[in-house]
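Single-structure report; data block below.
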Amino acid sequence: MNLPSRRKKKRPRTPLGTLTLLLRRRDHLLARIFAGAGVVALAVLVWSIWPYWQLSGDFRTLPERQPSRLYARSFRLAAGQPLDPAALAGRLAALAYRPAERSGLVPGTYQLRDGQVSVARRRFRGPLADGGGGLLVADFRGGKLARLALDERPVAEAWLEPELLATWYGPDLMERRPAPLDEIPNEVVRAVLAAEDAAFFEHPGLSPSGIARALWTNLRGGEVRQGGSTITQQLAKNLYLTSERTMSRKVREAMLAVFLELRYSKEQILEAYLNQIFWGRSGSANILGVGAAAHAWFGKPVGELDLAEAALLGAMIKSPIDYSPLRHPQAALKRRAFVLDRLVELGWVERIAADQARARPLPDRDVPLTRRRAPYYVDAVEGELRRRFGIRELADRGLAVFGTLDAVDQAAAEAAVSEGLAGLAERSSRVREKSDQFQGALASIEPGSGAVRAWVGGRDYAASQFDRIGQARRQAGSAFKPLVFAAAFEAGVATPATLLEDAPLELVSGGKAWVPANDDDQFRGWVTARTAVEQSLNVPTARLALQTGLQRVVDTARACGITTRLAAVPSIALGAFEVAPIELLTAYATIANRGVRPPVHLVEAVLDDGGEPLAGEGLPAPATALSPASAYLVTTLLQGVLDYGTGRQARALGLGDSLAGKTGTSNQRRDNWFVGFSADRATLVWVGFDDDSPTPFSGSRAALPIWTKFLLAVRPPGGYTRITPPQGVRVVLIDPATGELATDRCPEVLAEAFPTDRIPDRVCHEHGGWFAQPIDPGVRADKDEKEGSLRGWLRKVFGRERGPDDRPSPGPPP
């Protein structure tokens, strides 16, 4: 049976109950409102901080962009090379190595003792060197490097790091040398922390006490005066923000600092900070990071900084300009003392060490970073980088360009040109009146490799950037004559003893009469080829060129390195055509290199920003232009120029080495040359006016003294390497009047070189007879090593040597 349901009777709601119900409903609504608002707020917060979170992820401890740099060649040390301890110490001083203190050798220092130099080498990178590092000990004996030991192990060779020549910056002119944290000395890290943020390793990116102190200062001043920034905040500002002093910027800075701390380790943040700090300016370059600061202010790598230097860098962070040791030394001293005291207070440095550092002097000179050393050479290097490596933009590419230039040789070359031109100006009022046009140039290369060791394109790069070594075209004058004789010897037309007629000569060339004359307007009758070169006689040289064939002369000049326009006309024998000085130097280097034309170059290698070699066009292979015998015969003539001829002033100035060379003076003395060489160096000097007007000088008066000054300045201990004859050349004694084999009856004799197949076979017909015998016709060119020259041999045998005044004018060839 179903019973009807029984409905429960509702009770009337009381006022209190009604209120409670309403409150419950409102709580749900408020909860929903608050929840929604929270979501919105969170979204807004995420939206507002997300860019900074993303921004903080774009973080590198070491900067990517660096300027490209050009380095001189690394100095090679090899057992047996001519070198003395003083010369090596000079090289080390130029590289900012310091004498070691009592504490011992550390990288960047050396010790000089009797006959020994010990060097704690710095590490470096380079294409040809050994990377540096280690303790190198060099022992010397008799003007030579007798023995090398690296970390107590004998080695055959070792290298010193190259000197910086030039830097290519981007538009912001930022000098950067990134340094990993483990390469930065503890003294530097502690000094920076003591000066800027001693609690760096304890706080989470923000310093509450610093913020409170800054707020109080700012409130009292009514504006943002102090930031209370930690190192992390400073890094955030430097990387991502501007330097404006506003509260909104400070909030963003704090937010980024917290994010950096969340995402990176303290060590990463500190490394980035040390490589991003602005440390002032050197010239026009902005110094960014501790590595650049070490080089700019102290001229050394950051790893070599001591406590005093570290404290100064820490002191400068607050205001690099106001605490510059050069501009405001007293303020810099006071701030450095504060940092040292702070280090002691923190227990990071002993008081005695701090006091010793306090007593150290401040740096008294700026190490120039933007100045281009050897600026003409730098410009020429840029041209070679375009041609060989296709590099048209160098700024901020981080390339390391390793050049061939020797920094010591370059300094000597610049001094020789500057002092030489100044001396010439003192001797001529005309030169003083046109001093802005009066110029000189010098280049020096290794004949064997073609590597340029010195390159001076003018007296003042700031006044004129025109490079007179590589860009000028000037008449070679008599400096071209050796190429005429080279062509004649190579063709078998002549030998150094061949008689040439020095008499009036008239030709028609190009529809005009051509009448060559000697510089003194005199004629000497019959002269040997040797005399024609030594006394720079024009007419015999012209006759020999005609006899050899003018086209053959042109071809020989081309083979030796002359690439500018030449024509097979009689005046070519006297250097009437314009040539680039570097081409003329290449031709002489070819003669010095036994007839092989070297690939003249200014760049050894290029490394990219990762240290890998950059591919480029290789150097051309050395090319044979002359036989070794022909090249040596020309060399002996050019040795005579220095011994007896127009270049003998070099001997009077003290240059007695085994050298060869030739003066050159073009029409109306517009161009003055001297080009000469040893077995291992070829050097050219040019002097003249840029506007091609006549000078009051000659090659022997203007160019030769500069050449001699340079050769003396770079002369190795023990002198230049001797020039020795190749196979196929012998020296015999001849009578200079007949060019025939000398006998014991000849009043004068001359030692002369010949190809073995062209030694004279006739005994002197003027002083011979039935019983006359030639004097040892097989004398070798290196007969007397002790005397070091054929002149010495003649002194030994005959008690005298023949000089220019002894030489009679020979008669016509029989």
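Lettering and numbering for the structure tokens are positional, with chains as A, B, ... in the shown order, residues counted from 1 in each chain, and ligands counted from 1 in the shown order.
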Could you list, as a PyMOL selection string, every residue within 9 Å of Asn538 of chain A, counting only C-alpha atoms and ignoring same-chain residues fewer than 2 positions away?
chain A and resi 478+481+502+516-519+532-533+536+540-543+573-574
For the residues selected in the previous step, produce a file with N, CA and C atoms as a compact mmCIF listing (two decimals), in the first residue's frame.
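Wrote again39.txt, looks like this:
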# COMPACT_ATOMS: atom_id res chain seq x y z
N SER A 478 120.79 55.75 -63.14
CA SER A 478 121.88 54.77 -63.18
C SER A 478 121.62 53.54 -62.34
N LYS A 481 121.28 50.38 -64.38
CA LYS A 481 122.40 49.84 -65.16
C LYS A 481 122.74 48.39 -64.85
N ASP A 502 134.64 54.09 -74.18
CA ASP A 502 134.04 55.31 -73.62
C ASP A 502 134.47 56.48 -74.49
N PRO A 516 124.33 60.32 -75.67
CA PRO A 516 124.59 60.14 -74.23
C PRO A 516 125.94 60.73 -73.84
N ALA A 517 126.03 61.14 -72.59
CA ALA A 517 127.27 61.69 -72.05
C ALA A 517 127.44 61.22 -70.63
N ASN A 518 128.68 61.21 -70.18
CA ASN A 518 128.94 60.86 -68.79
C ASN A 518 128.63 62.04 -67.88
N ASP A 519 128.49 61.76 -66.62
CA ASP A 519 128.08 62.79 -65.68
C ASP A 519 129.10 63.93 -65.62
N ALA A 532 133.15 50.62 -65.81
CA ALA A 532 131.94 51.32 -66.26
C ALA A 532 130.87 51.32 -65.19
N VAL A 533 130.75 50.21 -64.46
CA VAL A 533 129.76 50.14 -63.39
C VAL A 533 130.23 50.90 -62.16
N SER A 536 130.02 54.44 -62.79
CA SER A 536 128.71 54.80 -63.35
C SER A 536 128.84 55.59 -64.65
N PRO A 540 129.77 53.84 -72.09
CA PRO A 540 130.07 52.40 -72.24
C PRO A 540 128.86 51.52 -71.95
N THR A 541 128.02 51.95 -70.98
CA THR A 541 126.83 51.16 -70.67
C THR A 541 125.87 51.16 -71.86
N ALA A 542 125.70 52.31 -72.51
CA ALA A 542 124.82 52.38 -73.67
C ALA A 542 125.35 51.50 -74.81
N ARG A 543 126.66 51.52 -75.01
CA ARG A 543 127.24 50.68 -76.07
C ARG A 543 127.00 49.20 -75.77
N ALA A 573 119.00 52.01 -71.40
CA ALA A 573 120.25 51.61 -70.76
C ALA A 573 120.61 52.53 -69.61
N LEU A 574 120.14 53.78 -69.65
CA LEU A 574 120.49 54.77 -68.63
C LEU A 574 119.32 55.02 -67.68
Closest-contact table, segment 594-700 of chain A side, partner segment 380-399 of chain A, 10 Å, counting only C-alpha atoms, as JSON lines:
{"residue": "A:His601", "atom": "CA", "partner": "A:Glu384", "partner_atom": "CA", "distance": 7.9}
{"residue": "A:Leu602", "atom": "CA", "partner": "A:Val381", "partner_atom": "CA", "distance": 6.1}
{"residue": "A:Val603", "atom": "CA", "partner": "A:Val381", "partner_atom": "CA", "distance": 6.7}
{"residue": "A:Ala605", "atom": "CA", "partner": "A:Phe389", "partner_atom": "CA", "distance": 9.6}
{"residue": "A:Val606", "atom": "CA", "partner": "A:Leu399", "partner_atom": "CA", "distance": 6.8}
{"residue": "A:Leu607", "atom": "CA", "partner": "A:Leu399", "partner_atom": "CA", "distance": 5.7}
{"residue": "A:Asp608", "atom": "CA", "partner": "A:Leu399", "partner_atom": "CA", "distance": 4.8}
{"residue": "A:Asp609", "atom": "CA", "partner": "A:Gly398", "partner_atom": "CA", "distance": 4.6}
{"residue": "A:Gly610", "atom": "CA", "partner": "A:Gly398", "partner_atom": "CA", "distance": 8.3}
{"residue": "A:Gly611", "atom": "CA", "partner": "A:Leu399", "partner_atom": "CA", "distance": 8.2}
{"residue": "A:Glu612", "atom": "CA", "partner": "A:Leu399", "partner_atom": "CA", "distance": 9.7}
{"residue": "A:Pro613", "atom": "CA", "partner": "A:Leu399", "partner_atom": "CA", "distance": 9.8}
{"residue": "A:Leu614", "atom": "CA", "partner": "A:Phe389", "partner_atom": "CA", "distance": 7.7}
{"residue": "A:Ala615", "atom": "CA", "partner": "A:Phe389", "partner_atom": "CA", "distance": 6.8}
{"residue": "A:Gly616", "atom": "CA", "partner": "A:Phe389", "partner_atom": "CA", "distance": 4.3}
{"residue": "A:Glu617", "atom": "CA", "partner": "A:Arg388", "partner_atom": "CA", "distance": 4.7}
{"residue": "A:Gly618", "atom": "CA", "partner": "A:Arg388", "partner_atom": "CA", "distance": 7.2}
{"residue": "A:Leu619", "atom": "CA", "partner": "A:Arg388", "partner_atom": "CA", "distance": 8.3}
Residues near Leu638 of chain A, anyone? I mean within 7 Å using only C-alpha atoms, not counting same-chain ones fewer than 3 positions away, as JSON, numbers by chain.
{"A": [634, 635, 641, 642, 660, 661, 662]}
Please save all heavy atoms of the selected residues as a PDB file, in the first residue's frame.
ATOM      1  N   VAL A 634     127.383  40.145 -61.716  1.00  0.00           N
ATOM      2  CA  VAL A 634     126.850  41.489 -61.475  1.00  0.00           C
ATOM      3  C   VAL A 634     127.124  41.913 -60.036  1.00  0.00           C
ATOM      4  O   VAL A 634     127.493  43.063 -59.759  1.00  0.00           O
ATOM      5  CB  VAL A 634     125.330  41.537 -61.760  1.00  0.00           C
ATOM      6  CG1 VAL A 634     124.764  42.907 -61.409  1.00  0.00           C
ATOM      7  CG2 VAL A 634     125.049  41.219 -63.217  1.00  0.00           C
ATOM      8  N   THR A 635     126.973  40.957 -59.120  1.00  0.00           N
ATOM      9  CA  THR A 635     127.214  41.264 -57.703  1.00  0.00           C
ATOM     10  C   THR A 635     128.639  41.736 -57.481  1.00  0.00           C
ATOM     11  O   THR A 635     128.882  42.692 -56.731  1.00  0.00           O
ATOM     12  CB  THR A 635     126.924  40.027 -56.844  1.00  0.00           C
ATOM     13  OG1 THR A 635     125.544  39.665 -56.980  1.00  0.00           O
ATOM     14  CG2 THR A 635     127.216  40.306 -55.369  1.00  0.00           C
ATOM     15  N   VAL A 641     131.488  48.913 -56.644  1.00  0.00           N
ATOM     16  CA  VAL A 641     130.926  50.253 -56.483  1.00  0.00           C
ATOM     17  C   VAL A 641     131.162  50.760 -55.058  1.00  0.00           C
ATOM     18  O   VAL A 641     131.513  51.924 -54.834  1.00  0.00           O
ATOM     19  CB  VAL A 641     129.412  50.243 -56.798  1.00  0.00           C
ATOM     20  CG1 VAL A 641     128.760  51.577 -56.414  1.00  0.00           C
ATOM     21  CG2 VAL A 641     129.189  49.948 -58.276  1.00  0.00           C
ATOM     22  N   LEU A 642     130.993  49.859 -54.080  1.00  0.00           N
ATOM     23  CA  LEU A 642     131.212  50.237 -52.684  1.00  0.00           C
ATOM     24  C   LEU A 642     132.698  50.304 -52.341  1.00  0.00           C
ATOM     25  O   LEU A 642     133.115  51.120 -51.517  1.00  0.00           O
ATOM     26  CB  LEU A 642     130.509  49.244 -51.761  1.00  0.00           C
ATOM     27  CG  LEU A 642     128.980  49.365 -51.707  1.00  0.00           C
ATOM     28  CD1 LEU A 642     128.376  48.135 -51.043  1.00  0.00           C
ATOM     29  CD2 LEU A 642     128.558  50.613 -50.960  1.00  0.00           C
ATOM     30  N   ALA A 660     126.994  44.874 -51.654  1.00  0.00           N
ATOM     31  CA  ALA A 660     127.022  45.303 -53.043  1.00  0.00           C
ATOM     32  C   ALA A 660     125.926  46.335 -53.242  1.00  0.00           C
ATOM     33  O   ALA A 660     124.906  46.298 -52.549  1.00  0.00           O
ATOM     34  CB  ALA A 660     126.811  44.113 -53.974  1.00  0.00           C
ATOM     35  N   GLY A 661     126.111  47.260 -54.182  1.00  0.00           N
ATOM     36  CA  GLY A 661     125.071  48.261 -54.384  1.00  0.00           C
ATOM     37  C   GLY A 661     125.390  49.190 -55.524  1.00  0.00           C
ATOM     38  O   GLY A 661     126.485  49.159 -56.102  1.00  0.00           O
ATOM     39  N   LYS A 662     124.426  50.042 -55.829  1.00  0.00           N
ATOM     40  CA  LYS A 662     124.587  50.971 -56.955  1.00  0.00           C
ATOM     41  C   LYS A 662     123.888  52.280 -56.662  1.00  0.00           C
ATOM     42  O   LYS A 662     122.752  52.306 -56.180  1.00  0.00           O
ATOM     43  CB  LYS A 662     123.993  50.352 -58.229  1.00  0.00           C
ATOM     44  CG  LYS A 662     124.166  51.216 -59.471  1.00  0.00           C
ATOM     45  CD  LYS A 662     125.617  51.271 -59.917  1.00  0.00           C
ATOM     46  CE  LYS A 662     125.796  52.174 -61.143  1.00  0.00           C
ATOM     47  NZ  LYS A 662     125.700  53.602 -60.782  1.00  0.00           N
TER      48      LYS A 662
END
Based on DSSP run over this structure's backbone, return all residues of segment 100-310 of chain A in strand (DSSP E or B), as a PyMOL selection string.
chain A and resi 101+104+109-113+116-120+123+132+135-141+144-150+153-154+157-160+164-168+174-176+278-282+285-288
Between atom CA of Ser229 of chain A and atom CA of Thr61 of chain A, what is the distance, to one decimal in Å?
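Going from atom CA of Ser229 of chain A over to atom CA of Thr61 of chain A covers 19.4 Å.
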Can you tell me how far atom CA of Val579 of chain A sits from atom CA of Ala476 of chain A, in Å to one decimal?
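Atom CA of Ala476 of chain A lies 6.4 Å from atom CA of Val579 of chain A.
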Write down as a count of residues only the residues of segment 359-509 of chain A whose backbone DSSP state falls under alpha helix (DSSP H).
51
